[in-house]
Every structure is written in C-alpha cells, then in structure tokens.
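Participant: So I've got this file, run09.cif, and it contains mmCIF, C-alpha atoms:
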data_protein
loop_
_atom_site.label_atom_id
_atom_site.label_comp_id
_atom_site.auth_asym_id
_atom_site.auth_seq_id
_atom_site.Cartn_x
_atom_site.Cartn_y
_atom_site.Cartn_z
CA LEU G 144 -45.77 -25.96 81.34
CA GLN G 145 -45.15 -23.04 83.69
CA HIS G 146 -42.02 -22.17 81.70
CA TYR G 147 -44.09 -22.19 78.50
CA PHE G 148 -46.62 -19.72 79.92
CA ILE G 149 -43.87 -17.44 81.20
CA GLN G 150 -42.23 -17.40 77.77
CA SER G 151 -45.57 -16.85 76.00
CA ASN G 152 -46.48 -14.03 78.36
CA LEU G 153 -43.09 -12.39 77.77
CA ARG G 154 -43.54 -12.56 74.00
CA PHE G 155 -47.04 -11.08 74.37
CA LYS G 156 -45.73 -8.17 76.44
CA LEU G 157 -42.96 -7.49 73.96
CA SER G 158 -45.45 -7.39 71.08
CA VAL G 159 -47.81 -5.12 73.04
CA THR G 160 -45.04 -2.65 73.88
CA MET G 161 -43.51 -2.51 70.39
CA SER G 162 -43.28 1.15 69.39
CA SER G 163 -45.36 2.64 66.60
CA LEU G 164 -42.11 3.30 64.73
CA ASP G 165 -41.11 -0.37 64.79
CA GLN G 166 -44.62 -1.40 63.77
CA LEU G 167 -44.59 1.12 60.91
CA LYS G 168 -41.29 -0.33 59.65
CA LYS G 169 -43.07 -3.65 59.06
CA HIS G 170 -45.22 -2.07 56.36
CA THR G 171 -43.24 0.91 55.04
CA VAL G 172 -39.58 1.78 54.48
CA VAL G 173 -38.79 4.52 57.00
CA VAL G 174 -36.40 7.27 55.88
CA ALA G 175 -34.83 9.93 58.13
CA ASP G 176 -35.28 13.50 56.92
CA THR G 177 -32.17 14.98 58.52
CA GLY G 178 -28.50 15.74 58.05
CA ASP G 179 -27.68 15.01 61.70
CA PHE G 180 -25.67 11.77 61.95
CA GLU G 181 -26.42 11.21 65.63
CA LEU G 182 -30.17 11.29 65.04
CA ILE G 183 -29.81 8.85 62.14
CA GLN G 184 -27.93 6.45 64.41
CA GLN G 185 -30.67 6.75 67.01
CA TYR G 186 -33.64 5.87 64.77
CA LYS G 187 -31.96 3.38 62.40
CA PRO G 188 -33.80 4.27 59.17
CA GLN G 189 -33.27 2.46 55.86
CA ASP G 190 -32.45 5.64 53.91
CA ALA G 191 -31.92 9.35 54.58
CA THR G 192 -32.84 12.54 52.75
CA THR G 193 -31.14 15.93 52.84
CA ASN G 194 -31.84 19.35 51.36
CA PRO G 195 -30.16 22.79 51.45
CA SER G 196 -32.12 23.78 54.56
CA LEU G 197 -30.98 20.69 56.51
CA ILE G 198 -27.35 21.01 55.40
CA LEU G 199 -27.36 24.73 56.25
CA ALA G 200 -28.43 23.84 59.79
CA ALA G 201 -25.90 21.01 60.08
CA VAL G 202 -22.79 22.93 58.93
CA GLN G 203 -23.28 25.47 61.70
CA LEU G 204 -23.04 22.82 64.43
CA ASP G 205 -19.64 22.60 66.12
CA LYS G 206 -19.64 18.81 65.95
CA TYR G 207 -19.46 18.95 62.13
CA LYS G 208 -16.84 21.71 61.90
CA SER G 209 -14.11 19.31 60.76
CA ILE G 210 -16.22 18.22 57.78
CA VAL G 211 -16.70 21.86 56.76
CA VAL G 212 -12.98 22.59 57.05
CA ASP G 213 -12.06 19.53 54.96
CA CYS G 214 -14.46 20.55 52.17
CA LEU G 215 -13.16 24.13 52.16
CA LYS G 216 -9.57 22.92 51.88
CA GLU G 217 -10.45 20.59 48.99
CA ALA G 218 -12.20 23.41 47.12
CA LYS G 219 -9.51 26.00 47.74
CA ASN G 220 -7.72 26.32 44.44
CA SER G 221 -5.52 29.26 43.52
CA ASN G 222 -6.49 28.91 39.85
CA ALA G 223 -10.23 29.21 40.56
CA SER G 224 -12.12 32.39 41.40
CA LEU G 225 -13.62 32.78 44.85
CA GLU G 226 -17.12 32.27 43.41
CA GLU G 227 -16.01 29.03 41.74
CA GLN G 228 -14.48 27.85 44.99
CA VAL G 229 -17.75 28.62 46.82
CA VAL G 230 -19.79 26.52 44.40
CA ASP G 231 -17.30 23.66 44.54
CA ALA G 232 -17.07 23.70 48.33
CA THR G 233 -20.86 23.72 48.63
CA ASP G 234 -21.17 20.72 46.30
CA ARG G 235 -18.51 18.93 48.32
CA LEU G 236 -20.39 19.64 51.56
CA PHE G 237 -23.56 18.05 50.19
CA VAL G 238 -21.62 14.98 49.09
CA ARG G 239 -19.49 14.71 52.24
CA PHE G 240 -22.57 14.78 54.45
CA GLY G 241 -24.11 12.19 52.15
CA CYS G 242 -21.04 9.94 52.46
CA GLU G 243 -21.11 10.15 56.25
CA ILE G 244 -24.83 9.34 56.28
CA LEU G 245 -24.23 6.29 54.07
CA LYS G 246 -21.96 4.88 56.78
CA LEU G 247 -25.05 4.78 59.02
CA VAL G 248 -27.87 3.64 56.72
CA PRO G 249 -27.96 0.44 54.65
CA GLY G 250 -29.85 2.07 51.78
CA ARG G 251 -29.57 5.35 49.91
CA VAL G 252 -29.11 9.04 50.56
CA SER G 253 -30.84 11.84 48.63
CA THR G 254 -28.74 14.85 47.66
CA GLU G 255 -30.39 17.93 46.17
CA VAL G 256 -29.45 19.93 43.08
CA ASP G 257 -29.46 23.72 43.45
CA ALA G 258 -33.11 24.86 43.26
CA ARG G 259 -32.06 27.85 41.15
CA LEU G 260 -31.59 25.35 38.30
CA SER G 261 -35.21 24.15 38.50
CA PHE G 262 -36.05 25.51 35.04
CA ASP G 263 -32.70 24.72 33.38
CA GLN G 264 -32.58 21.13 32.13
CA GLU G 265 -28.99 21.15 30.86
CA SER G 266 -27.49 22.77 33.96
CA THR G 267 -29.47 20.39 36.18
CA ILE G 268 -27.98 17.41 34.36
CA ALA G 269 -24.47 18.85 34.58
CA LYS G 270 -24.82 19.47 38.33
CA ALA G 271 -26.25 15.99 38.94
CA ARG G 272 -23.35 14.39 37.05
CA LYS G 273 -20.84 16.43 39.08
CA LEU G 274 -22.43 15.33 42.37
CA ILE G 275 -22.39 11.69 41.29
CA LYS G 276 -18.72 11.99 40.25
CA LEU G 277 -17.85 13.40 43.69
CA TYR G 278 -19.61 10.43 45.28
CA GLU G 279 -17.81 7.98 43.02
CA ASP G 280 -14.46 9.67 43.76
CA ALA G 281 -15.24 8.99 47.43
CA GLY G 282 -15.89 5.32 46.68
CA ILE G 283 -19.70 5.50 46.73
CA SER G 284 -21.64 3.76 43.95
CA LYS G 285 -24.27 5.86 42.20
CA GLU G 286 -26.76 3.10 43.07
CA ARG G 287 -26.68 4.37 46.67
CA VAL G 288 -27.49 7.97 45.73
CA LEU G 289 -30.72 9.66 44.70
CA ILE G 290 -30.35 13.08 43.08
CA LYS G 291 -33.16 15.36 44.23
CA LEU G 292 -34.71 17.59 41.58
CA SER G 293 -37.63 20.01 41.72
CA THR G 294 -40.67 18.56 39.92
CA THR G 295 -40.88 21.12 37.13
CA TRP G 296 -41.27 19.98 33.51
CA GLU G 297 -37.57 20.68 33.04
CA GLY G 298 -36.72 18.69 36.16
CA ILE G 299 -38.76 15.71 34.94
CA CYS G 300 -37.06 15.79 31.54
CA ALA G 301 -33.64 15.99 33.24
CA ALA G 302 -34.53 13.01 35.45
CA LYS G 303 -35.53 10.96 32.41
CA ARG G 304 -32.19 11.65 30.72
CA LEU G 305 -30.24 11.01 33.92
CA LYS G 306 -31.98 7.63 34.31
CA GLU G 307 -30.59 6.69 30.89
CA LEU G 308 -27.12 7.43 32.34
CA GLY G 309 -27.80 5.17 35.32
CA ILE G 310 -28.37 8.09 37.70
CA HIS G 311 -31.47 7.76 39.88
CA CYS G 312 -33.57 10.76 40.91
CA ASN G 313 -35.87 11.71 43.77
CA MET G 314 -38.42 14.23 42.49
CA THR G 315 -39.15 16.71 45.26
CA LEU G 316 -41.59 19.59 45.74
CA LEU G 317 -44.36 17.46 44.28
CA PHE G 318 -47.89 18.71 44.97
CA SER G 319 -50.09 17.96 41.95
CA PHE G 320 -51.42 14.88 40.23
CA ALA G 321 -50.00 16.28 36.98
CA GLN G 322 -46.49 16.26 38.48
CA ALA G 323 -46.96 12.66 39.61
CA VAL G 324 -48.18 11.51 36.19
CA GLY G 325 -45.29 13.29 34.47
CA CYS G 326 -42.78 11.54 36.73
CA ALA G 327 -44.37 8.13 36.15
CA GLU G 328 -44.33 8.54 32.38
CA ALA G 329 -40.68 9.62 32.52
CA GLY G 330 -39.83 6.47 34.49
CA VAL G 331 -38.13 8.32 37.35
CA THR G 332 -37.01 6.24 40.31
CA LEU G 333 -38.83 7.96 43.19
CA ILE G 334 -41.17 10.85 43.98
CA SER G 335 -41.62 12.81 47.22
CA PRO G 336 -45.13 14.28 47.50
CA PHE G 337 -45.22 16.89 50.28
CA VAL G 338 -48.09 15.97 52.60
CA GLY G 339 -47.64 18.70 55.21
CA ARG G 340 -47.25 21.58 52.81
CA ILE G 341 -50.44 20.56 51.00
CA TYR G 342 -52.18 20.48 54.39
CA ASP G 343 -50.75 23.92 55.26
CA TRP G 344 -52.19 25.45 52.09
CA TYR G 345 -55.70 24.15 52.76
CA VAL G 346 -55.61 25.34 56.36
CA GLN G 347 -54.49 28.81 55.25
CA ASN G 348 -56.69 29.19 52.18
CA THR G 349 -59.98 27.43 52.98
CA ASP G 350 -62.58 27.62 55.73
CA GLN G 351 -61.72 24.14 57.01
CA LYS G 352 -58.98 24.26 59.64
CA THR G 353 -58.96 20.71 61.01
CA PHE G 354 -58.80 17.38 59.24
CA THR G 355 -58.91 13.72 60.22
CA MET G 356 -56.46 11.15 58.96
CA ASP G 357 -58.92 10.20 56.21
CA THR G 358 -59.89 13.74 55.15
CA ASP G 359 -56.42 15.36 55.26
CA PRO G 360 -55.82 16.73 51.72
CA GLY G 361 -52.11 15.89 51.82
CA VAL G 362 -52.79 12.29 52.83
CA LEU G 363 -55.53 11.95 50.18
CA SER G 364 -53.19 13.32 47.49
CA VAL G 365 -50.53 10.68 48.24
CA ARG G 366 -53.12 7.89 48.42
CA LYS G 367 -54.44 8.89 44.98
CA ILE G 368 -50.91 8.89 43.49
CA TYR G 369 -49.94 5.58 45.12
CA ASN G 370 -53.13 3.87 43.89
CA TYR G 371 -52.68 5.27 40.37
CA TYR G 372 -49.07 4.06 40.16
CA LYS G 373 -49.83 0.56 41.42
CA LYS G 374 -53.00 0.15 39.35
CA HIS G 375 -51.23 1.04 36.12
CA GLY G 376 -47.98 -0.80 36.84
CA TYR G 377 -45.58 2.12 37.10
CA LYS G 378 -42.22 1.30 38.69
CA THR G 379 -41.73 4.77 40.20
CA VAL G 380 -41.96 4.46 43.99
CA VAL G 381 -43.78 6.87 46.28
CA MET G 382 -42.14 8.42 49.35
CA GLY G 383 -44.48 10.61 51.38
CA ALA G 384 -42.67 13.63 52.83
CA SER G 385 -43.12 16.83 54.85
CA PHE G 386 -45.34 15.62 57.69
CA ARG G 387 -46.91 17.87 60.31
CA ASN G 388 -48.11 15.17 62.72
CA THR G 389 -48.11 11.42 63.28
CA SER G 390 -51.74 11.13 62.13
CA GLN G 391 -50.60 11.97 58.59
CA ILE G 392 -47.94 9.27 58.85
CA TYR G 393 -50.41 6.67 60.12
CA GLY G 394 -52.72 7.64 57.25
CA LEU G 395 -50.08 6.51 54.77
CA THR G 396 -49.03 3.24 56.42
CA GLY G 397 -48.16 0.85 53.61
CA CYS G 398 -46.78 3.55 51.30
CA ASP G 399 -43.51 2.50 49.61
CA LEU G 400 -41.44 4.87 51.77
CA LEU G 401 -42.04 7.72 54.21
CA THR G 402 -39.35 10.30 55.03
CA ILE G 403 -39.86 11.60 58.55
CA SER G 404 -38.28 14.38 60.62
CA PRO G 405 -36.40 13.51 63.84
CA LYS G 406 -39.14 15.10 65.98
CA LEU G 407 -41.84 12.88 64.49
CA LEU G 408 -39.56 9.83 64.55
CA ASN G 409 -39.20 10.48 68.27
CA ASP G 410 -42.98 10.78 68.67
CA LEU G 411 -43.45 7.46 66.86
CA ALA G 412 -40.77 5.80 68.99
CA LYS G 413 -42.58 6.88 72.17
CA ASP G 414 -46.04 5.87 70.92
CA SER G 415 -47.44 2.34 70.91
CA THR G 416 -50.39 2.91 68.54
CA SER G 417 -50.70 0.06 66.05
CA PRO G 418 -51.00 1.73 62.63
CA ALA G 419 -53.52 0.07 60.33
CA VAL G 420 -52.34 -0.53 56.75
CA LYS G 421 -53.96 2.11 54.54
CA LEU G 422 -52.17 1.39 51.25
CA ASN G 423 -51.36 -1.84 49.44
CA GLU G 424 -51.07 -2.97 45.85
CA ALA G 425 -54.09 -5.28 46.00
CA THR G 426 -56.57 -2.54 46.92
CA ALA G 427 -54.81 -0.05 44.59
CA ARG G 428 -55.67 -2.24 41.63
CA GLY G 429 -59.34 -1.66 42.37
CA SER G 430 -59.04 2.16 42.33
CA CYS G 431 -60.95 4.13 39.72
CA ASP G 432 -58.47 6.54 38.09
CA GLU G 433 -57.99 5.80 34.39
CA LYS G 434 -54.56 6.07 32.83
CA ILE G 435 -53.75 9.42 31.22
CA HIS G 436 -50.91 10.69 29.05
CA LEU G 437 -49.44 14.18 29.35
CA GLU G 438 -47.47 16.07 26.72
CA GLU G 439 -45.68 19.20 27.95
CA LYS G 440 -48.66 21.46 27.14
CA ASP G 441 -51.03 19.09 28.97
CA PHE G 442 -48.73 18.88 31.97
CA ARG G 443 -48.44 22.64 32.28
CA TYR G 444 -52.18 23.21 31.95
CA LEU G 445 -53.23 20.44 34.36
CA HIS G 446 -50.67 21.57 36.95
CA ASN G 447 -51.80 25.18 36.50
CA GLU G 448 -55.39 24.14 37.27
CA ASP G 449 -54.28 23.23 40.82
CA ALA G 450 -53.88 26.54 42.64
CA MET G 451 -52.40 24.87 45.71
CA ALA G 452 -49.73 23.08 43.68
CA VAL G 453 -48.79 26.19 41.73
CA ASP G 454 -48.39 28.20 44.94
CA LYS G 455 -46.47 25.53 46.85
CA LEU G 456 -44.09 24.59 44.02
CA ALA G 457 -43.14 28.24 43.47
CA GLU G 458 -42.76 28.85 47.20
CA GLY G 459 -40.74 25.67 47.68
CA ILE G 460 -38.27 26.56 44.93
CA ARG G 461 -37.86 30.07 46.36
CA LYS G 462 -37.25 28.75 49.89
CA PHE G 463 -34.73 26.08 48.87
CA ALA G 464 -32.97 28.62 46.63
CA ALA G 465 -32.81 31.10 49.53
CA ASP G 466 -31.24 28.49 51.82
CA GLN G 467 -28.79 27.53 49.04
CA VAL G 468 -27.72 31.21 48.89
CA LYS G 469 -27.38 31.33 52.70
CA LEU G 470 -25.25 28.19 52.62
CA GLU G 471 -23.03 29.63 49.88
CA ASN G 472 -22.65 32.89 51.80
CA TYR G 473 -21.59 30.92 54.87
CA VAL G 474 -19.08 28.98 52.76
CA LYS G 475 -17.79 32.20 51.18
CA THR G 476 -17.19 33.78 54.58
CA GLU G 477 -15.34 30.71 55.80
CA LEU G 478 -13.21 30.55 52.63
CA GLN G 479 -12.26 34.21 52.97
CA LYS G 480 -11.02 33.51 56.49
CA MET G 481 -8.57 31.00 54.97
CA HIS G 482 -7.05 33.46 52.48
#
Is it possible to give me this structure as structure tokens?
Facilitator:
Amino acid sequence: LQHYFIQSNLRFKLSVTMSSLDQLKKHTVVVADTGDFELIQQYKPQDATTNPSLILAAVQLDKYKSIVVDCLKEAKNSNASLEEQVVDATDRLFVRFGCEILKLVPGRVSTEVDARLSFDQESTIAKARKLIKLYEDAGISKERVLIKLSTTWEGICAAKRLKELGIHCNMTLLFSFAQAVGCAEAGVTLISPFVGRIYDWYVQNTDQKTFTMDTDPGVLSVRKIYNYYKKHGYKTVVMGASFRNTSQIYGLTGCDLLTISPKLLNDLAKDSTSPAVKLNEATARGSCDEKIHLEEKDFRYLHNEDAMAVDKLAEGIRKFAADQVKLENYVKTELQKMH
C-alpha cells in the first residue's frame, strides 16, 4: 500500500510539473519557427518553418558555413552568368536547410518562394516546382514540404494549381478574413495567419495599447478563421504564426498548428501554466459566420476594406523581399570570392 501511494504521488508530481509546452502539444501541433538546427533539436517540434529572414540569419553563423560552401559549389557553373548562379545558390540554400531540418522533425518543413514573385502567378509556380525538384533530387518526398507563398490573389491561384500537381502550400502573410476565405475556396493545404503583426498594427494605430488573451485582435482573427473553416467543413488547416507573447499562444490552444519562435518555445518550456483549450471543432460548428463565396473582384474589395490587412500584407512582402535581396547579395559576395 505504501508503495502504491509513493508511485501515485510521483505520478501526481510529474503531472503538476509538466511544462506548458508539453501540455500545449497535447492539444495543438507545435512547429518551430527557426532555421537553427540546434534549437529544433532542443524543443522537438513536429514541423518547422523557415523564411528569407531566418535563412539570412542562419547562413551567417559559423556553424553552418559548410552548408553554404556546398551550395555555392553546386551552383557554380561556368556556363551560367553570375546572377544565375546567385539565384541557383540561394534556392539550394533554402532547400539544403530544409533537408537538414527534416532530419530532426518527423513532419514537414516550409520553404518560401521569393516574395518579389507575390504578384506573378506563373513565376511563382515555376519557382515552387524548382524547389520541389531540388528536394526530390535530395531524396525528400514533396509530401514532406510545404511551399510558402504570400497570400495575394495571384499566390492563392498559384497554390490551387500547385495542389493539382501534388505540391502543398503554406499561405503566409495572411491578415484578413478575405485572404482566409480565398485560401479555403482554393483548397490550399495550410494557412499562416500572423497574430503578432495584427496585434502590432492595432497597438500602433488605435488608442488601445493593451489587450487580454480574449480581446487581442490577432487572437480573435485566428479564432474567427478557425471556427469558419471547421463549421463549413474546409480541409485547409490553420497554423497561427508571428506571436509576441505566450498569452497569444495560450489564447489559441487547440488550433490545428502553432509555429513558435525559439524564444517563446523557451518561455513555454520554463512555464507550468496549464493552457485551457480555446478552439475545437465541436464549438466551431456552433459559430455564427455564414459561408461566403469570393470571386477575384470580391476578394480584392473585401481585403481592401481591412486597412490593417492591406498595410501588413504590403509591409510583409517588402520586408521578405528586402531580406531575399540581402541573402542574394551575401551569396553573390561569397561566389565572387570563389572565382
């Protein structure tokens, strides 16, 4: 009997001291928003996401220098111009980092298409197909890769066509309900609504500067999208992204996936708060939003009605494009050293 109580007490203590991160993983698929392999190993996420900003930071770390050199050597071709070699080497860097990440996560990695192609459907498709071919040449099935596209009308149309080719997309820079509806109707695999950037806009552009978990505009935006998708039977999954604090994460417990920065993963690992489930399919079915259909003209107008979304989508494309240019300039400098 004494042995039984000791064992029971031990199990109780273990359950009490389980981290918030481990508790969150019971309700939501946790994704690491980083290109740093060591951090991915530390937090053991299901999936990982990357973008030009994260890869730009990673390639400048000494510990990843060998990966950079390998990609430069593979792209170095005497028959190609320097500019062509730069583009090829940059694509290879995205894929190589993705391949290394896939050795550490059981699920998928997201790799982003150049944001400068956000309004060019055909070039977006061509770039996505090239990235998938590089993955397949490295022995990685396209089922383990999500191609990240900006959620413009052109990006949504590209994602729909890529899905028909068996290529799955992660629609990023998503801020408006119109963008979410467009993605659902196109049947895309996954969307990434940006919680923190929505929050930033409201803090900067309204009189309200503080929000609770249940009044945060970024959290409320994702809850609305999640409930709409589940109520109307859409297969597109929702991955909340771009968090500023753990309260926003707790506010979306139960969401399909959440992609979280290493800093906030660390905060969750050190915390023992038990997050209450805020989203589930049963309660979503009782939500009030009626199903709508958007043609291109409807999409553009409804998105344009959301000043926050217009501002943040444009800003997001500019920032990712700027980091893409910085990455290419870094690659160009390194290639020139090899000539």
Participant: Contacts of Asp343 in chain G at 10 Å or less, counting all atoms listed in the file, minus same-chain residues fewer than 2 places along, as a list of chain:residue names?
Facilitator: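 Near neighbours after the sequence-gap exclusion: G:Val338, G:Gly339, G:Arg340, G:Ile341, G:Tyr345, G:Val346, G:Gln347, G:Asn348, G:Lys352, G:Pro360, G:Gly361, G:Arg387, G:Met451, G:Lys455.
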Participant: List, as a list in words, every residue that the PyMOL selection byres ((chain G and resi 318) around 7) selects in the file provided.
Facilitator: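 Given this file, the PyMOL selection byres ((chain G and resi 318) around 7) evaluates to Leu316, Leu317, Ser319, Pro336, Phe337, Ile341 and Ala452 of chain G.
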Participant: So what does the PyMOL selection byres ((chain G and resi 477) around 12) actually pick up in this one, as a PDB file with C-alpha atoms, keeping the file's coordinate frame?
Facilitator:
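Printed below is part26.pdb as written:
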ATOM      1  CA  VAL G 202     -22.790  22.930  58.930  1.00  0.00           C
ATOM      2  CA  GLN G 203     -23.280  25.470  61.700  1.00  0.00           C
ATOM      3  CA  LYS G 208     -16.840  21.710  61.900  1.00  0.00           C
ATOM      4  CA  VAL G 211     -16.700  21.860  56.760  1.00  0.00           C
ATOM      5  CA  VAL G 212     -12.980  22.590  57.050  1.00  0.00           C
ATOM      6  CA  ASP G 213     -12.060  19.530  54.960  1.00  0.00           C
ATOM      7  CA  CYS G 214     -14.460  20.550  52.170  1.00  0.00           C
ATOM      8  CA  LEU G 215     -13.160  24.130  52.160  1.00  0.00           C
ATOM      9  CA  LYS G 216      -9.570  22.920  51.880  1.00  0.00           C
ATOM     10  CA  ALA G 218     -12.200  23.410  47.120  1.00  0.00           C
ATOM     11  CA  LYS G 219      -9.510  26.000  47.740  1.00  0.00           C
ATOM     12  CA  LEU G 225     -13.620  32.780  44.850  1.00  0.00           C
ATOM     13  CA  GLN G 228     -14.480  27.850  44.990  1.00  0.00           C
ATOM     14  CA  VAL G 229     -17.750  28.620  46.820  1.00  0.00           C
ATOM     15  CA  ALA G 232     -17.070  23.700  48.330  1.00  0.00           C
ATOM     16  CA  THR G 233     -20.860  23.720  48.630  1.00  0.00           C
ATOM     17  CA  LEU G 470     -25.250  28.190  52.620  1.00  0.00           C
ATOM     18  CA  GLU G 471     -23.030  29.630  49.880  1.00  0.00           C
ATOM     19  CA  ASN G 472     -22.650  32.890  51.800  1.00  0.00           C
ATOM     20  CA  TYR G 473     -21.590  30.920  54.870  1.00  0.00           C
ATOM     21  CA  VAL G 474     -19.080  28.980  52.760  1.00  0.00           C
ATOM     22  CA  LYS G 475     -17.790  32.200  51.180  1.00  0.00           C
ATOM     23  CA  THR G 476     -17.190  33.780  54.580  1.00  0.00           C
ATOM     24  CA  LEU G 478     -13.210  30.550  52.630  1.00  0.00           C
ATOM     25  CA  GLN G 479     -12.260  34.210  52.970  1.00  0.00           C
ATOM     26  CA  LYS G 480     -11.020  33.510  56.490  1.00  0.00           C
ATOM     27  CA  MET G 481      -8.570  31.000  54.970  1.00  0.00           C
ATOM     28  CA  HIS G 482      -7.050  33.460  52.480  1.00  0.00           C
TER      29      HIS G 482
END
Participant: Might you spell out which residues the PyMOL selection byres ((chain G and resi 447) around 12) would select in the displayed file, as a VMD selection string?
Facilitator: chain G and resid 295 318 to 322 440 to 446 448 to 457
Participant: For a quick check of understanding, using only C-alpha atoms, which of G:Asp432, G:Asp414, G:Glu279, G:Glu424 has the smallest distance to Tyr371 in chain G?
Facilitator: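 With only C-alpha atoms as the atom set, the closest residue is G:Asp432.
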Participant: In terms of the shortest atom-to-atom distance over all atoms listed in the file, which of G:Asn194, G:Gln166, G:Thr379, G:Thr396 is closest to Val420 in chain G?
Facilitator: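 The shortest atom-to-atom distance to Val420 in chain G comes from G:Thr396.
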